[in-house]
$ cat upload36.pdb   # PDB, C-alpha atoms and all ligand atoms
MODEL        1
ATOM      1  CA  MET A   1      73.773   3.713 -77.253
ATOM      2  CA  VAL A   2      71.375   6.350 -75.906
ATOM      3  CA  GLU A   3      72.764   8.384 -73.024
ATOM      4  CA  ALA A   4      70.499  10.026 -70.479
ATOM      5  CA  THR A   5      71.200  13.745 -70.488
ATOM      6  CA  PRO A   6      69.932  16.494 -68.194
ATOM      7  CA  GLU A   7      67.955  17.859 -71.166
ATOM      8  CA  LEU A   8      65.980  14.616 -71.348
ATOM      9  CA  PRO A   9      64.935  13.918 -67.763
ATOM     10  CA  PHE A  10      62.204  11.499 -68.883
ATOM     11  CA  LEU A  11      64.938   9.070 -69.962
ATOM     12  CA  ILE A  12      66.315   8.967 -66.426
ATOM     13  CA  GLY A  13      63.066   8.145 -64.758
ATOM     14  CA  PRO A  14      59.566   9.479 -64.074
ATOM     15  CA  THR A  15      59.488  12.855 -62.356
ATOM     16  CA  GLN A  16      56.830  13.789 -59.805
ATOM     17  CA  PRO A  17      54.679  16.632 -61.171
ATOM     18  CA  VAL A  18      54.671  19.660 -58.890
ATOM     19  CA  SER A  19      51.181  20.199 -57.462
ATOM     20  CA  ALA A  20      49.445  23.585 -57.429
ATOM     21  CA  LEU A  21      49.644  23.518 -53.619
ATOM     22  CA  GLN A  22      53.411  22.957 -53.673
ATOM     23  CA  MET A  23      53.771  25.772 -56.197
ATOM     24  CA  LEU A  24      51.632  28.086 -54.062
ATOM     25  CA  ARG A  25      53.619  27.276 -50.920
ATOM     26  CA  SER A  26      56.999  27.907 -52.470
ATOM     27  CA  ALA A  27      55.903  30.976 -54.473
ATOM     28  CA  THR A  28      54.361  32.733 -51.460
ATOM     29  CA  ALA A  29      56.731  31.577 -48.700
ATOM     30  CA  MET A  30      58.830  34.759 -48.766
ATOM     31  CA  GLN A  31      55.774  37.028 -48.862
ATOM     32  CA  HIS A  32      54.272  35.153 -45.910
ATOM     33  CA  LYS A  33      57.496  35.429 -43.946
ATOM     34  CA  ALA A  34      57.829  39.145 -44.707
ATOM     35  CA  LEU A  35      54.237  39.928 -43.750
ATOM     36  CA  GLU A  36      54.470  37.831 -40.584
ATOM     37  CA  ALA A  37      57.571  39.812 -39.563
ATOM     38  CA  ARG A  38      55.935  43.200 -40.272
ATOM     39  CA  LEU A  39      52.522  42.495 -38.752
ATOM     40  CA  PRO A  40      52.839  43.264 -35.037
ATOM     41  CA  LEU A  41      50.273  40.669 -33.913
ATOM     42  CA  THR A  42      53.012  38.573 -32.300
ATOM     43  CA  HIS A  43      55.100  41.487 -31.065
ATOM     44  CA  ALA A  44      55.646  42.122 -27.383
ATOM     45  CA  ASP A  45      54.533  45.765 -27.616
ATOM     46  CA  LEU A  46      51.150  44.954 -29.198
ATOM     47  CA  ASP A  47      48.422  46.679 -27.204
ATOM     48  CA  ARG A  48      44.647  46.865 -27.482
ATOM     49  CA  ALA A  49      44.722  50.107 -29.519
ATOM     50  CA  LEU A  50      47.092  48.681 -32.138
ATOM     51  CA  TYR A  51      45.177  45.385 -32.238
ATOM     52  CA  THR A  52      41.951  47.351 -32.887
ATOM     53  CA  LYS A  53      43.674  49.282 -35.683
ATOM     54  CA  ILE A  54      44.806  45.982 -37.256
ATOM     55  CA  ILE A  55      41.292  44.483 -37.117
ATOM     56  CA  ALA A  56      39.894  47.700 -38.659
ATOM     57  CA  ALA A  57      42.449  47.414 -41.483
ATOM     58  CA  TYR A  58      41.503  43.737 -41.999
ATOM     59  CA  TYR A  59      37.859  44.874 -42.247
ATOM     60  CA  GLY A  60      38.863  47.454 -44.857
ATOM     61  CA  PHE A  61      40.329  44.692 -47.000
ATOM     62  CA  HIS A  62      37.790  41.923 -46.419
ATOM     63  CA  VAL A  63      34.653  43.980 -47.121
ATOM     64  CA  PRO A  64      35.597  44.939 -50.706
ATOM     65  CA  LEU A  65      37.270  41.549 -51.276
ATOM     66  CA  GLN A  66      34.070  39.742 -50.271
ATOM     67  CA  ARG A  67      32.086  41.883 -52.754
ATOM     68  CA  HIS A  68      34.724  41.197 -55.418
ATOM     69  CA  LEU A  69      34.432  37.431 -54.807
ATOM     70  CA  GLU A  70      30.632  37.525 -54.805
ATOM     71  CA  CYS A  71      30.666  39.128 -58.258
ATOM     72  CA  PHE A  72      32.528  36.040 -59.431
ATOM     73  CA  LEU A  73      29.881  33.473 -58.665
ATOM     74  CA  SER A  74      31.195  30.194 -57.308
ATOM     75  CA  PRO A  75      30.013  27.752 -54.636
ATOM     76  CA  LEU A  76      33.263  28.518 -52.810
ATOM     77  CA  THR A  77      32.592  32.239 -52.556
ATOM     78  CA  THR A  78      28.848  32.113 -52.018
ATOM     79  CA  ASP A  79      29.192  29.619 -49.161
ATOM     80  CA  PRO A  80      28.111  31.671 -46.103
ATOM     81  CA  GLU A  81      30.277  29.391 -43.943
ATOM     82  CA  ARG A  82      33.299  31.197 -45.380
ATOM     83  CA  TYR A  83      32.055  34.756 -44.793
ATOM     84  CA  LYS A  84      34.531  36.552 -42.577
ATOM     85  CA  VAL A  85      33.073  40.071 -42.473
ATOM     86  CA  PRO A  86      30.472  39.306 -39.738
ATOM     87  CA  ALA A  87      33.291  38.165 -37.414
ATOM     88  CA  LEU A  88      35.223  41.376 -38.106
ATOM     89  CA  VAL A  89      32.138  43.513 -37.374
ATOM     90  CA  LYS A  90      31.540  41.587 -34.139
ATOM     91  CA  ASP A  91      35.178  42.152 -33.105
ATOM     92  CA  LEU A  92      35.126  45.856 -33.909
ATOM     93  CA  ARG A  93      31.951  46.329 -31.859
ATOM     94  CA  ALA A  94      33.475  44.381 -28.956
ATOM     95  CA  LEU A  95      36.595  46.546 -29.226
ATOM     96  CA  GLY A  96      34.463  49.676 -28.786
ATOM     97  CA  LEU A  97      33.629  50.956 -32.276
ATOM     98  CA  SER A  98      30.088  52.115 -32.976
ATOM     99  CA  ASP A  99      28.253  50.923 -36.095
ATOM    100  CA  GLY A 100      28.643  54.437 -37.509
ATOM    101  CA  GLN A 101      32.428  54.290 -37.019
ATOM    102  CA  ILE A 102      32.574  50.829 -38.605
ATOM    103  CA  GLU A 103      30.562  51.949 -41.645
ATOM    104  CA  THR A 104      32.951  54.823 -42.317
ATOM    105  CA  LEU A 105      36.188  52.837 -42.037
ATOM    106  CA  PRO A 106      38.361  53.207 -45.161
ATOM    107  CA  LEU A 107      38.024  50.367 -47.700
ATOM    108  CA  CYS A 108      40.733  49.055 -50.011
ATOM    109  CA  SER A 109      40.217  49.716 -53.717
ATOM    110  CA  ALA A 110      43.375  48.025 -55.051
ATOM    111  CA  LEU A 111      42.337  44.381 -55.040
ATOM    112  CA  PRO A 112      43.900  41.442 -56.886
ATOM    113  CA  ALA A 113      42.550  40.838 -60.406
ATOM    114  CA  LEU A 114      39.758  38.268 -60.554
ATOM    115  CA  GLN A 115      38.928  37.150 -64.069
ATOM    116  CA  THR A 116      39.266  33.387 -63.971
ATOM    117  CA  HIS A 117      38.568  30.450 -61.705
ATOM    118  CA  GLY A 118      42.343  30.098 -61.341
ATOM    119  CA  HIS A 119      42.542  33.644 -59.940
ATOM    120  CA  LEU A 120      39.712  32.839 -57.549
ATOM    121  CA  LEU A 121      41.574  29.822 -56.180
ATOM    122  CA  GLY A 122      44.794  31.818 -55.767
ATOM    123  CA  ILE A 123      43.001  34.531 -53.793
ATOM    124  CA  MET A 124      41.154  31.948 -51.721
ATOM    125  CA  TYR A 125      44.419  30.117 -50.966
ATOM    126  CA  VAL A 126      45.757  33.213 -49.215
ATOM    127  CA  MET A 127      42.595  34.158 -47.335
ATOM    128  CA  GLU A 128      41.710  30.587 -46.346
ATOM    129  CA  GLY A 129      45.315  29.725 -45.431
ATOM    130  CA  ALA A 130      45.344  32.715 -43.093
ATOM    131  CA  THR A 131      42.729  30.925 -40.959
ATOM    132  CA  LEU A 132      45.419  28.346 -40.105
ATOM    133  CA  GLY A 133      47.799  30.988 -38.797
ATOM    134  CA  GLY A 134      44.802  32.475 -36.980
ATOM    135  CA  GLN A 135      44.793  29.416 -34.734
ATOM    136  CA  VAL A 136      48.248  30.377 -33.478
ATOM    137  CA  LEU A 137      47.461  34.086 -33.307
ATOM    138  CA  ARG A 138      44.229  33.713 -31.331
ATOM    139  CA  ARG A 139      46.156  32.048 -28.476
ATOM    140  CA  ILE A 140      48.770  34.811 -28.491
ATOM    141  CA  ILE A 141      46.072  37.511 -28.405
ATOM    142  CA  ALA A 142      44.270  35.724 -25.581
ATOM    143  CA  ASP A 143      47.511  35.469 -23.551
ATOM    144  CA  ARG A 144      48.800  38.989 -24.234
ATOM    145  CA  LEU A 145      45.608  41.057 -24.338
ATOM    146  CA  GLY A 146      43.054  38.812 -22.625
ATOM    147  CA  ILE A 147      40.890  39.029 -25.762
ATOM    148  CA  ASP A 148      38.808  35.989 -26.724
ATOM    149  CA  ALA A 149      36.163  35.291 -29.357
ATOM    150  CA  GLU A 150      33.546  37.245 -27.385
ATOM    151  CA  SER A 151      35.704  40.259 -26.643
ATOM    152  CA  GLY A 152      37.282  41.028 -30.044
ATOM    153  CA  GLY A 153      39.062  37.845 -31.172
ATOM    154  CA  GLU A 154      36.373  36.109 -33.241
ATOM    155  CA  PHE A 155      38.039  36.773 -36.604
ATOM    156  CA  LEU A 156      41.266  35.007 -35.617
ATOM    157  CA  ASP A 157      39.203  31.889 -34.921
ATOM    158  CA  VAL A 158      36.615  32.572 -37.608
ATOM    159  CA  TYR A 159      35.954  28.897 -38.415
ATOM    160  CA  GLY A 160      36.469  27.587 -34.880
ATOM    161  CA  ARG A 161      36.524  23.791 -34.782
ATOM    162  CA  ASP A 162      35.681  23.709 -38.516
ATOM    163  CA  THR A 163      39.045  25.226 -39.465
ATOM    164  CA  GLY A 164      40.596  21.897 -40.513
ATOM    165  CA  ARG A 165      37.492  20.692 -42.349
ATOM    166  CA  LEU A 166      37.119  23.901 -44.364
ATOM    167  CA  TRP A 167      40.823  23.992 -45.215
ATOM    168  CA  LYS A 168      40.688  20.375 -46.461
ATOM    169  CA  ALA A 169      37.544  21.159 -48.488
ATOM    170  CA  PHE A 170      39.365  24.093 -50.080
ATOM    171  CA  LEU A 171      42.400  21.916 -50.873
ATOM    172  CA  LYS A 172      40.084  19.436 -52.581
ATOM    173  CA  GLN A 173      38.664  22.209 -54.778
ATOM    174  CA  LEU A 174      42.205  23.254 -55.605
ATOM    175  CA  ALA A 175      43.193  19.665 -56.498
ATOM    176  CA  ASP A 176      40.021  19.108 -58.574
ATOM    177  CA  PHE A 177      40.765  22.221 -60.633
ATOM    178  CA  GLU A 178      44.444  21.422 -60.940
ATOM    179  CA  HIS A 179      45.882  21.521 -64.455
ATOM    180  CA  PRO A 180      49.448  22.480 -65.442
ATOM    181  CA  ALA A 181      48.048  25.026 -67.898
ATOM    182  CA  TYR A 182      46.268  26.937 -65.120
ATOM    183  CA  ASN A 183      48.668  26.620 -62.183
ATOM    184  CA  GLY A 184      50.491  29.794 -63.235
ATOM    185  CA  GLU A 185      47.414  31.966 -62.898
ATOM    186  CA  VAL A 186      46.554  30.447 -59.501
ATOM    187  CA  VAL A 187      50.054  31.259 -58.236
ATOM    188  CA  ASP A 188      50.052  34.764 -59.762
ATOM    189  CA  ALA A 189      46.743  35.554 -58.060
ATOM    190  CA  ALA A 190      48.026  34.306 -54.688
ATOM    191  CA  CYS A 191      51.176  36.439 -54.964
ATOM    192  CA  ALA A 192      49.067  39.455 -56.011
ATOM    193  CA  THR A 193      46.765  38.898 -53.024
ATOM    194  CA  PHE A 194      49.675  38.893 -50.575
ATOM    195  CA  ALA A 195      51.080  42.030 -52.266
ATOM    196  CA  CYS A 196      47.720  43.907 -52.228
ATOM    197  CA  PHE A 197      47.075  42.972 -48.611
ATOM    198  CA  GLU A 198      50.546  44.041 -47.495
ATOM    199  CA  ARG A 199      50.247  47.358 -49.381
ATOM    200  CA  TRP A 200      46.849  47.975 -47.780
ATOM    201  CA  LEU A 201      48.074  47.205 -44.257
ATOM    202  CA  ASP A 202      51.068  49.449 -44.876
ATOM    203  CA  ARG A 203      48.811  52.319 -45.985
ATOM    204  CA  ALA A 204      46.668  51.736 -42.903
ATOM    205  CA  GLY A 205      49.811  52.295 -40.824
ATOM    206  CA  VAL A 206      49.720  48.980 -38.967
ATOM    207  CA  LEU A 207      52.940  47.386 -40.248
ATOM    208  CA  LEU A 208      56.382  47.673 -38.700
TER     209      LEU A 208
HETATM  210  C1  LIG A 301      51.742  37.398 -37.543
HETATM  211  C2  LIG A 301      51.048  36.938 -38.545
HETATM  212  C3  LIG A 301      50.995  35.484 -38.980
HETATM  213  C4  LIG A 301      51.431  34.352 -38.384
HETATM  214  C5  LIG A 301      52.130  34.201 -37.037
HETATM  215  C6  LIG A 301      51.111  33.254 -39.253
HETATM  216  C7  LIG A 301      51.371  31.932 -38.988
HETATM  217  C8  LIG A 301      51.024  30.876 -39.793
HETATM  218  C9  LIG A 301      51.199  29.481 -39.457
HETATM  219  C10 LIG A 301      51.787  28.976 -38.150
HETATM  220  C11 LIG A 301      50.743  28.761 -40.498
HETATM  221  C12 LIG A 301      50.751  27.243 -40.622
HETATM  222  C13 LIG A 301      49.553  26.677 -39.923
HETATM  223  C14 LIG A 301      49.379  25.195 -40.142
HETATM  224  O1  LIG A 301      50.017  24.613 -41.027
HETATM  225  O2  LIG A 301      48.555  24.629 -39.419
HETATM  226  C15 LIG A 301      50.275  29.682 -41.500
HETATM  227  C16 LIG A 301      49.739  29.313 -42.691
HETATM  228  C17 LIG A 301      49.328  30.187 -43.646
HETATM  229  N1  LIG A 301      49.241  31.559 -43.517
HETATM  230 FE1  LIG A 301      49.913  32.638 -41.989
HETATM  231  N2  LIG A 301      50.496  33.729 -40.362
HETATM  232  C18 LIG A 301      50.393  35.092 -40.235
HETATM  233  C19 LIG A 301      49.799  35.965 -41.104
HETATM  234  C20 LIG A 301      49.254  35.598 -42.297
HETATM  235  C21 LIG A 301      48.604  36.503 -43.205
HETATM  236  C22 LIG A 301      48.359  37.990 -42.932
HETATM  237  C23 LIG A 301      48.254  35.785 -44.305
HETATM  238  C24 LIG A 301      47.534  36.230 -45.540
HETATM  239  C25 LIG A 301      46.611  37.151 -45.574
HETATM  240  C26 LIG A 301      48.675  34.422 -44.089
HETATM  241  C27 LIG A 301      48.502  33.392 -44.966
HETATM  242  C28 LIG A 301      48.785  32.067 -44.708
HETATM  243  C29 LIG A 301      48.590  30.997 -45.667
HETATM  244  C30 LIG A 301      48.119  31.133 -47.106
HETATM  245  C31 LIG A 301      48.916  29.807 -44.995
HETATM  246  C32 LIG A 301      48.771  28.400 -45.543
HETATM  247  C33 LIG A 301      50.090  27.783 -45.969
HETATM  248  C34 LIG A 301      49.842  26.350 -46.433
HETATM  249  O3  LIG A 301      49.657  25.475 -45.597
HETATM  250  O4  LIG A 301      49.857  26.157 -47.643
HETATM  251  N3  LIG A 301      49.271  34.338 -42.852
HETATM  252  N4  LIG A 301      50.449  30.963 -41.044
ENDMDL
END
$ encode --input "upload36.pdb" --output "structure tokens" --more "lines below"
Ligand code: HEM
Amino acid sequence: MVEATPELPFLIGPTQPVSALQMLRSATAMQHKALEARLPLTHADLDRALYTKIIAAYYGFHVPLQRHLECFLSPLTTDPERYKVPALVKDLRALGLSDGQIETLPLCSALPALQTHGHLLGIMYVMEGATLGGQVLRRIIADRLGIDAESGGEFLDVYGRDTGRLWKAFLKQLADFEHPAYNGEVVDAACATFACFERWLDRAGVLL
């Protein structure tokens, strides 16, 4: 008689394979939680000056990241619909910075490695996923600081009513690429992206 043992799970019954998205969510959950707690966007003492400093730090990460992604040619990264830098520039101008001040803002040089399509998807998961949280944050910023898309809050609502559509399109790209052999590099790149972004925001002095 053959006994099912824990070492032979396939004898007990079929197991559901873990999707890349599930892996990404569980691998980055703690990093997301930690960053959310340290980023003062939802904190009661957030004021216009600190908000401006945060948007400037976001600019300092997104500008070099966008260049990094463009060097790795892909329809996902060359799609102008997903460009976020113009929204950051618009916000910084609305918040009172001159073009000269914007051009001299410090830029991050410690970016996540990008050598494979798997890395690209991991990086994109973090930056595209952040647009979902942006939907919550834009309401908080409007309530607390009276800032809307025209007065400095465009980035938090960068895709506007297309947020859901673009997120679903990204998830489809992730699912189409999905292969157990590559999921590890997608997850590693997502974790590295969270880590690089947090380190950059910390250096910029905007984290609690
Ligand atoms: C105070 C800051 C933040 C808050 C309050 C926040 C909040 C949220 C919320 C509510 C969601 C879920 C939205 C939904 O399912 O519709 C979400 C998703 C997400 N956020 Fe954030 N977020 C913050 C900062 C960030 C940052 C800085 C990043 C990365 C740069 C980030 C990356 C993500 C990702 C990747 C997801 C997608 C998770 C998934 O559905 O797989 N978030 N966030």
$ closest_atom_pairs --input "upload36.pdb" --of "chain A" --to "ligand LIG 301 (chain A)" --cutoff "7 Å" --atoms "only C-alpha atoms and all ligand atoms" --output "tab-separated table"
residue	atom	partner	partner_atom	distance
A:Leu21	CA	A:LIG301	O4	6.5
A:Leu24	CA	A:LIG301	O4	6.9
A:Arg25	CA	A:LIG301	O4	5.1
A:His32	CA	A:LIG301	N3	5.9
A:Leu35	CA	A:LIG301	C22	6.2
A:Glu36	CA	A:LIG301	C2	4.1
A:Ala37	CA	A:LIG301	C1	6.6
A:Leu39	CA	A:LIG301	C1	5.3
A:Pro40	CA	A:LIG301	C1	6.5
A:Leu41	CA	A:LIG301	C1	5.1
A:Thr42	CA	A:LIG301	C1	5.5
A:Tyr125	CA	A:LIG301	C30	5.4
A:Val126	CA	A:LIG301	C30	3.8
A:Met127	CA	A:LIG301	C25	5.3
A:Glu128	CA	A:LIG301	C30	6.5
A:Gly129	CA	A:LIG301	C29	3.5
A:Ala130	CA	A:LIG301	C27	3.7
A:Leu132	CA	A:LIG301	C13	4.5
A:Gly133	CA	A:LIG301	C8	3.4
A:Gly134	CA	A:LIG301	N2	6.7
A:Val136	CA	A:LIG301	C10	6.0
A:Leu137	CA	A:LIG301	C5	6.0
A:Phe194	CA	A:LIG301	C24	6.1
A:Phe197	CA	A:LIG301	C25	6.6
$ closest_residue --input "upload36.pdb" --among "A:Leu208, A:Met30, A:Ala57, A:Ala192" --to "A:Pro112" --atoms "all atoms listed in the file"
A:Ala192
$ resolve_selection --input "upload36.pdb" --expression "the PyMOL selection byres (((chain A and resi 93-97) around 10) and not hetatm)" --output "PyMOL selection string"
chain A and resi 48-49+51-53+55-56+87-92+98-103+147+149-154
$ atom_distance --input "upload36.pdb" --atom1 "atom CA of A:Val85" --atom2 "atom CA of A:Leu201"
16.7 Å
$ closest_residue --input "upload36.pdb" --among "A:Ala195, A:Leu65, A:Val186, A:Ala204" --to "A:Leu105" --atoms "all atoms listed in the file"
A:Ala204
$ resolve_selection --input "upload36.pdb" --expression "the PyMOL selection byres (((chain A and resi 69) around 12) and not hetatm)" --output "PyMOL selection string"
chain A and resi 62-68+70-79+82-83+111-117+119-124+127
$ closest_residue --input "upload36.pdb" --among "A:His43, A:Lys84, A:Arg199, A:Arg144" --to "A:Asp157" --atoms "all atoms listed in the file"
A:Lys84
$ atom_distance --input "upload36.pdb" --atom1 "atom CA of A:Ile140" --atom2 "atom CA of A:Arg161"
17.6 Å
$ closest_residue --input "upload36.pdb" --among "A:Thr163, A:Asn183, A:Gln22, A:Thr104" --to "A:Gly60" --atoms "all atoms listed in the file"
A:Thr104
$ closest_residue --input "upload36.pdb" --among "A:Val206, A:Ala169, A:Ala142, A:Ser26" --to "A:Leu50" --atoms "all atoms listed in the file"
A:Val206
$ residues_around --input "upload36.pdb" --residues "A:Thr131" --least-positions-apart "5" --cutoff "9 Å" --atoms "only C-alpha atoms" --output "PyMOL selection string"
chain A and resi 155-159+163+167
$ atom_distance --input "upload36.pdb" --atom1 "atom CA of A:Gln31" --atom2 "atom CA of A:Leu174"
20.5 Å
$ closest_residue --input "upload36.pdb" --among "A:Leu145, A:Cys108, A:Ala20, A:Ile54" --to "A:Phe177" --atoms "all atoms listed in the file"
A:Ala20
$ axis_aligned_box --input "upload36.pdb" --around "stretch 88-107 of chain A" --padding-each-side "3 Å" --output "AutoDock Vina command-line options"
--center_x 33.3 --center_y 48.1 --center_z -38.2 --size_x 16.1 --size_y 19.4 --size_z 24.9
